[in-house]
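To keep things clear, I will list the structure first and then write my remarks on it.
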Amino acid sequence: MQEIARKNTAIEPASADDPIPAGHNGGPPLEDKHRPEWGDGGIGNYFYWKATHRAAWHNPSSGIVAFRIRKAERLGLTYEEYTLEILERGRHLQIEDVERIAEIKRARVQRAANYRS
């Protein structure tokens, strides 16, 4: 009686084009060392920073968001750029802040150039 060579489809890839075996959930390999989301260093103030970041970006009321969007559009900035300026400098940009607005726009162009290359 001849033995039939059977392929274990749960472990072996279906084809050379598809390196992920059938039945694999596509998750990270289990052999890799676990790396926590705060990185390789100590935990430090990670959770304080994370809570503060979430509060700064996710808690403004719809009225504040609408105000910032209108103001950002008037200044030629995005909502994110305008909000980040408020969070970093602690003040709202005014139309008279021509130099700072130009600096933000130059940084935007530079980021786009770096992203493309």
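Letters for chains follow the order of the structure tokens (A, B, ...), residue numbers begin at 1 for each chain, and ligand numbers begin at 1 in the order shown.
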
Legend entry - Selection: 12 Å around Tyr46 of chain A, only C-alpha atoms, excl. self and same-chain fewer than 6 positions, as a ChimeraX atom specification: /A:36-39,52-53

Restrict the calculation to only C-alpha atoms, then for each residue of segment 14-74 of chain A with any atom at most 12 Å from an atom of segment 90-114 of chain A give the closest atom pair and their distance in Å to one decimal, rows by chain and rising residue number, as a Markdown table.
```
| residue | atom | partner | partner_atom | distance |
| --- | --- | --- | --- | --- |
| A:Phe67 | CA | A:His92 | CA | 11.1 |
| A:Arg68 | CA | A:His92 | CA | 9.2 |
| A:Lys71 | CA | A:Leu93 | CA | 8.6 |
| A:Ala72 | CA | A:Leu93 | CA | 8.8 |
| A:Glu73 | CA | A:Ile95 | CA | 11.4 |
| A:Arg74 | CA | A:Ile95 | CA | 8.3 |
```

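Between atom CA of Tyr82 of chain A and atom CA of Trp57 of chain A lies a distance of 11.9 Å.
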
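When atom CA of Tyr48 of chain A is paired with atom CA of His34 of chain A, their separation reads 22.3 Å.
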
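The nearest approach to Leu84 of chain A among the residues A:Ala51, A:Ala66, A:Ala56, A:Ala22, with only C-alpha atoms taken into account, belongs to A:Ala56.
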
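Put simply, atom CA of Tyr115 of chain A is 18.8 Å away from atom CA of Leu77 of chain A.
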